[in-house]
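Enquirer: I'd like to ask you about the structure that follows.
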Amino acid sequence: MIKKLIKRLLGQGDSAAKPGKPRTGKRVEVAQPEHGIDPALVDDKARKVVETLQDAGHQAYIVGGAVRDMLLGHRPKDFDVATDATPEQVKALFRRAFIIGRRFRIVHVVYGRGREHEVIEVSTFRAYLDAAAAEQVEGNEKTSKSELQGKSHVIDASGRVLRDNVWGPQDEDAARRDFTVNALYYDPRTQIVVDYHGGIADAKKRLLRMIGDPVARYREDPVRIIRAMRFAAKLGFEIEPKTLKPLRESAALLEAVPLSRQFDEMIKLLQTGHAIKSIEQLRKHGLLGGPKPGPFPLLDAVLADASKNPAREAFINAALADTDRRVGEDKPVAPSFLLACLLWHEVLAGWQRRKAAGGAPFPALQEAVDAVFDARIGDISGRGKLGTDMREIWLMQPRFERRTGSGPLSLIEQPRFRAGFDFLRLRADTGELPDELAEWWEDFSLGTDEERRALLDDVRAQQQPRRVPGSGRGAARTAGRCSCSTSTASRR
Ligand code: ATP
Ligand code: MG
């Protein structure tokens with residue numbers, strides 16, 4: 001019994017395949033009348049990638065979330081393709097294709113340019129993960145960098161997979177995918193779905209079921225815990241009891257996952273159009289706001305206290321609902337905007353504190369921004385742009401309260417004006433600022449030259465009493481109709 005437990009903890013239990021005898025499912029081919037996928041949902045470029053690979057003599061299928069979504073009647077946002085061609089073979093078949101990733105090497109096949117560009121991710125069928133046969137390193141992806149070089153299947157001391165680049169047959173590729181509904185392969189030419197793990201039946205039952213032994217699968221890659229939360233929220237599926245049971249206790253393993261991957265998962269969770277439901281899932285399963293720290297310290301910090309401050313809670317909920325709505329309407333969403341929203345009330349508190357202590361308004365805001373940024377975002381490599389954008393949104397806010405002279409014109413010409421304005425809108429929607437201010441900026445930004453002049457005249461007229469002899473300072477302050485608690489513009 002104890003031996004079995006130790007083996008299981010080391011990843012050598014029943015779940016680990018014996019070398020040469022991987023545990024794979026049985027291949028079942030399901031024809032169109034049975035699965036019902038509407039071929040019109042298939043993206044032209046994804047079809048083209050599959051057909052190019054097939055014409056070159058390779059196996060190729062649309063795979064993963066795209067098949068799952070089509071099965072549920074939705075048009076997928078992005079398409080992944082799986083093939084038996086190696087990344088080098090794939091690259092050679094397309095004009096613009098890039099081999100990317102180290103932990104998991106794949107090819108990005110790119111069509112179009114700029115905003116309209118489309119990327120089809122092509123991955124080579126992976127061999128079943130055999131923990132016993134993998135090379136093991138002492139450290140993690142950072143501390144064992146040199147040891148990892150040139151190796152294709154490596155795990156760390158806890159069994160977490162650091163490299164997963166051994167090619168294999170399709171049935172093994174299916175077995176190493178995460179959930180049964182994510183392990184379906186669709187051939188757009190024959191319209192056949194290949195299903196090794198009963199994914200079609202689970203989709204009908206609306207059940208999220210991990211392939212293989214969930215304990216082992218969370219250990220190999222703890223990010224699957226977050227993925228389970230995301231898919232349950234996005235698809236409205238129940239998590240199958242065996243998949244759910246070890247989920248909370250496995251969450252501690254997430255600490256070992258590189259910060260940048262954790263961060264990406266958090267952003268995905270918040271930006272797939274189901275942020276509010278995803279947060280509910282995290283709460284329900286003790287991964288947020290519970291007695292133990294959750295996998296996302298930033299979310300813990302932001303959301304745990306939000307309920308103590310109604311204004312903050314309203315603002316965060318409005319930002320999350322707005323993000324969900326935008327994704328639903330196919331509008332772009334930026335991680336910088338959402339993060340700026342999540343952390344705004346912390347910035348605001350720091351700003352007010354510094355001003356109350358005698359700090360000049362603008363430097364006080366800059367200092368508050370720096371402090372929050374350091375505490376919550378820190379140094380996640382490659383996030384320079386994200387940080388710059390967040391700061392810009394925050395630092396733009398006082399400028400909205402200065403509606404005289406050339407200020408407004410130069411503000412609307414800023415490349416990030418729209419993000420700054422959307423942020424202002426949320427502040428007004430949740431009662432932090434008067435509605436009138438957001439409406440004025442909306443009119444000003446959309447107006448003709450003449451309308452803009454009229455809007456500026458309006459503000460000037462409202463501020464007239466300032467020059468009326470005998471009127472006090474208080475009168476001047478409110479005359480701009482902006483009784484903003486954070487108003488600095490009038491004082492700068
Ligand atoms: P989404 O709708 O969010 O894109 P998806 O299922 O397509 O969902 P991706 O991250 O795009 O998710 O991954 C594509 C496929 O690759 C998944 O459906 C799954 O089969 C496989 N996959 C991705 N990440 C993992 C993982 N951590 N462990 C196992 N399989 C994974
Ligand atoms: Mg996908």
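FYI, nothing fancy with the structure tokens labels: chains A, B, ... in order, residues from 1 per chain, ligands from 1 as they appear.
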Ligand 1: which residues are within 7 Å, counting only C-alpha atoms and all ligand atoms, as a list of chain:residue names?

Expert: A:Val63, A:Gly64, A:Gly65, A:Ala66, A:Asp78, A:Asp80, A:Arg176, A:Arg177, A:Asp178, A:Phe179, A:Asn182, A:Ala183, A:Asp221, A:Val223, A:Arg224

Enquirer: Let's have the selection written as a short mmCIF file (atom, residue, chain, number, x, y, z; two decimals), in the first residue's frame, with N, CA and C atoms.

Expert:
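Result saved to result_27.cif:
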```cif
data_model
loop_
_atom_site.label_atom_id
_atom_site.label_comp_id
_atom_site.auth_asym_id
_atom_site.auth_seq_id
_atom_site.Cartn_x
_atom_site.Cartn_y
_atom_site.Cartn_z
N VAL A 63 -8.09 20.38 -34.74
CA VAL A 63 -8.07 19.68 -33.47
C VAL A 63 -8.39 20.65 -32.32
N GLY A 64 -8.63 20.08 -31.15
CA GLY A 64 -8.74 20.90 -29.93
C GLY A 64 -10.02 21.70 -29.84
N GLY A 65 -9.87 22.90 -29.27
CA GLY A 65 -11.03 23.74 -28.96
C GLY A 65 -11.92 24.04 -30.16
N ALA A 66 -11.31 24.13 -31.36
CA ALA A 66 -12.11 24.46 -32.54
C ALA A 66 -13.13 23.35 -32.81
N ASP A 78 -10.34 30.64 -32.84
CA ASP A 78 -9.08 30.30 -33.49
C ASP A 78 -9.00 28.80 -33.75
N ASP A 80 -6.66 25.28 -34.40
CA ASP A 80 -5.40 24.55 -34.26
C ASP A 80 -5.45 23.36 -35.19
N ARG A 176 -2.46 12.47 -24.67
CA ARG A 176 -1.79 13.48 -23.88
C ARG A 176 -2.47 14.85 -23.93
N ARG A 177 -3.58 14.93 -24.60
CA ARG A 177 -4.37 16.17 -24.53
C ARG A 177 -5.08 16.22 -23.18
N ASP A 178 -5.64 17.36 -22.81
CA ASP A 178 -6.15 17.46 -21.44
C ASP A 178 -7.53 16.83 -21.24
N PHE A 179 -8.56 17.39 -21.87
CA PHE A 179 -9.92 16.90 -21.61
C PHE A 179 -10.47 16.14 -22.81
N ASN A 182 -11.50 18.02 -25.72
CA ASN A 182 -10.42 18.73 -26.42
C ASN A 182 -9.56 17.78 -27.25
N ALA A 183 -9.95 16.51 -27.30
CA ALA A 183 -9.11 15.52 -27.99
C ALA A 183 -9.84 14.95 -29.21
N ASP A 221 1.28 18.94 -15.57
CA ASP A 221 1.09 20.33 -15.96
C ASP A 221 -0.02 20.95 -15.11
N VAL A 223 -1.10 23.80 -14.89
CA VAL A 223 -1.95 24.79 -15.57
C VAL A 223 -3.29 24.17 -15.98
N ARG A 224 -3.34 22.85 -16.06
CA ARG A 224 -4.61 22.19 -16.40
C ARG A 224 -5.69 22.47 -15.36
#
```

Enquirer: Find the spatial neighbours of Asp38 in chain A, counting only C-alpha atoms, within a cut-off of 12 Å - ignore same-chain residues fewer than 5 positions away - and output them as number ranges by chain.

Expert: A: 31-33, 43, 67, 69-76, 186, 188, 191-192

Enquirer: Could you check which of A:Asp202, A:Glu29, A:Asp84, A:Glu432 is closest to His345 in chain A, using only C-alpha atoms?

Expert: A:Glu432

Enquirer: Given the choices A:Val110, A:Phe231, A:Leu162, A:Glu34, which gets closest to ligand 2 if the distance is worked out from only C-alpha atoms and all ligand atoms?

Expert: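 Checking each candidate against ligand 2, we get A:Phe231 as the closest.
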
Enquirer: Pick out the closest residue to Gly168 in chain A from this set: A:Ile225, A:Thr86, A:Leu437, A:Gly236. Count only C-alpha atoms.

Expert: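 Using only C-alpha atoms, Gly168 in chain A sits closest to A:Thr86.
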
Enquirer: Got a sec: who's within 12 Å of His285 in chain A, counting only C-alpha atoms, leaving out chain neighbours fewer than 4 positions off, as a list in words?

Expert: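 Contacts, in chain order: Ile225, Ile226, Ala228, Met229, Ala232, Ile239, Leu244, Lys245, Pro246, Leu247, Arg248, Glu249, Ser250, Ala251, Ser278, Ile279, Glu280, Gln281, Gly289, Gly290, Pro291, Lys292, Gly294 and Pro295 of chain A.
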
Enquirer: Write a file of the just-selected residues containing N, CA and C atoms, as an mmCIF file, in the first residue's frame.

Expert:
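Generated output (result.cif):
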```
data_model
loop_
_atom_site.group_PDB
_atom_site.id
_atom_site.type_symbol
_atom_site.label_atom_id
_atom_site.label_comp_id
_atom_site.auth_asym_id
_atom_site.auth_seq_id
_atom_site.Cartn_x
_atom_site.Cartn_y
_atom_site.Cartn_z
ATOM 1 N N ILE A 225 -5.279 22.812 -14.138
ATOM 2 C CA ILE A 225 -6.249 23.170 -13.090
ATOM 3 C C ILE A 225 -6.999 24.437 -13.512
ATOM 4 N N ILE A 226 -6.230 25.392 -13.985
ATOM 5 C CA ILE A 226 -6.836 26.661 -14.411
ATOM 6 C C ILE A 226 -7.655 26.442 -15.674
ATOM 7 N N ALA A 228 -9.259 23.816 -16.440
ATOM 8 C CA ALA A 228 -10.531 23.193 -16.040
ATOM 9 C C ALA A 228 -11.528 24.281 -15.626
ATOM 10 N N MET A 229 -11.048 25.269 -14.868
ATOM 11 C CA MET A 229 -11.924 26.366 -14.419
ATOM 12 C C MET A 229 -12.430 27.153 -15.627
ATOM 13 N N ALA A 232 -14.945 25.059 -17.747
ATOM 14 C CA ALA A 232 -16.226 24.883 -17.053
ATOM 15 C C ALA A 232 -17.045 26.174 -17.177
ATOM 16 N N ILE A 239 -17.843 19.689 -14.003
ATOM 17 C CA ILE A 239 -16.555 18.991 -13.970
ATOM 18 C C ILE A 239 -16.820 17.594 -13.400
ATOM 19 N N LEU A 244 -12.548 16.544 -10.682
ATOM 20 C CA LEU A 244 -12.671 17.630 -9.711
ATOM 21 C C LEU A 244 -11.951 17.329 -8.396
ATOM 22 N N LYS A 245 -12.007 16.068 -7.984
ATOM 23 C CA LYS A 245 -11.564 15.719 -6.637
ATOM 24 C C LYS A 245 -10.139 16.199 -6.304
ATOM 25 N N PRO A 246 -9.150 15.909 -7.138
ATOM 26 C CA PRO A 246 -7.791 16.323 -6.742
ATOM 27 C C PRO A 246 -7.443 17.769 -7.114
ATOM 28 N N LEU A 247 -8.422 18.478 -7.645
ATOM 29 C CA LEU A 247 -8.118 19.795 -8.214
ATOM 30 C C LEU A 247 -7.593 20.786 -7.160
ATOM 31 N N ARG A 248 -8.318 20.928 -6.050
ATOM 32 C CA ARG A 248 -7.915 21.915 -5.042
ATOM 33 C C ARG A 248 -6.564 21.571 -4.432
ATOM 34 N N GLU A 249 -6.401 20.292 -4.105
ATOM 35 C CA GLU A 249 -5.137 19.926 -3.438
ATOM 36 C C GLU A 249 -3.940 20.000 -4.389
ATOM 37 N N SER A 250 -4.202 19.936 -5.693
ATOM 38 C CA SER A 250 -3.106 20.029 -6.656
ATOM 39 C C SER A 250 -2.701 21.476 -6.924
ATOM 40 N N ALA A 251 -3.535 22.417 -6.465
ATOM 41 C CA ALA A 251 -3.307 23.825 -6.838
ATOM 42 C C ALA A 251 -1.945 24.345 -6.356
ATOM 43 N N SER A 278 -15.860 32.700 -14.709
ATOM 44 C CA SER A 278 -14.592 32.059 -14.356
ATOM 45 C C SER A 278 -14.223 32.372 -12.916
ATOM 46 N N ILE A 279 -14.455 33.610 -12.523
ATOM 47 C CA ILE A 279 -14.149 33.995 -11.143
ATOM 48 C C ILE A 279 -15.065 33.249 -10.177
ATOM 49 N N GLU A 280 -16.324 33.091 -10.581
ATOM 50 C CA GLU A 280 -17.254 32.284 -9.756
ATOM 51 C C GLU A 280 -16.723 30.869 -9.596
ATOM 52 N N GLN A 281 -16.220 30.302 -10.697
ATOM 53 C CA GLN A 281 -15.667 28.940 -10.639
ATOM 54 C C GLN A 281 -14.492 28.882 -9.657
ATOM 55 N N GLY A 289 -10.153 33.592 -2.753
ATOM 56 C CA GLY A 289 -10.860 34.062 -1.570
ATOM 57 C C GLY A 289 -11.072 32.990 -0.507
ATOM 58 N N GLY A 290 -10.428 31.845 -0.649
ATOM 59 C CA GLY A 290 -10.563 30.783 0.347
ATOM 60 C C GLY A 290 -9.534 30.964 1.458
ATOM 61 N N PRO A 291 -9.499 30.019 2.397
ATOM 62 C CA PRO A 291 -8.529 30.136 3.487
ATOM 63 C C PRO A 291 -7.085 29.993 3.006
ATOM 64 N N LYS A 292 -6.896 29.178 1.944
ATOM 65 C CA LYS A 292 -5.529 29.016 1.430
ATOM 66 C C LYS A 292 -5.307 30.017 0.299
ATOM 67 N N GLY A 294 -4.735 31.439 -3.219
ATOM 68 C CA GLY A 294 -5.063 30.863 -4.522
ATOM 69 C C GLY A 294 -3.898 30.976 -5.482
ATOM 70 N N PRO A 295 -4.085 30.471 -6.702
ATOM 71 C CA PRO A 295 -2.986 30.497 -7.668
ATOM 72 C C PRO A 295 -2.676 31.888 -8.233
#
```
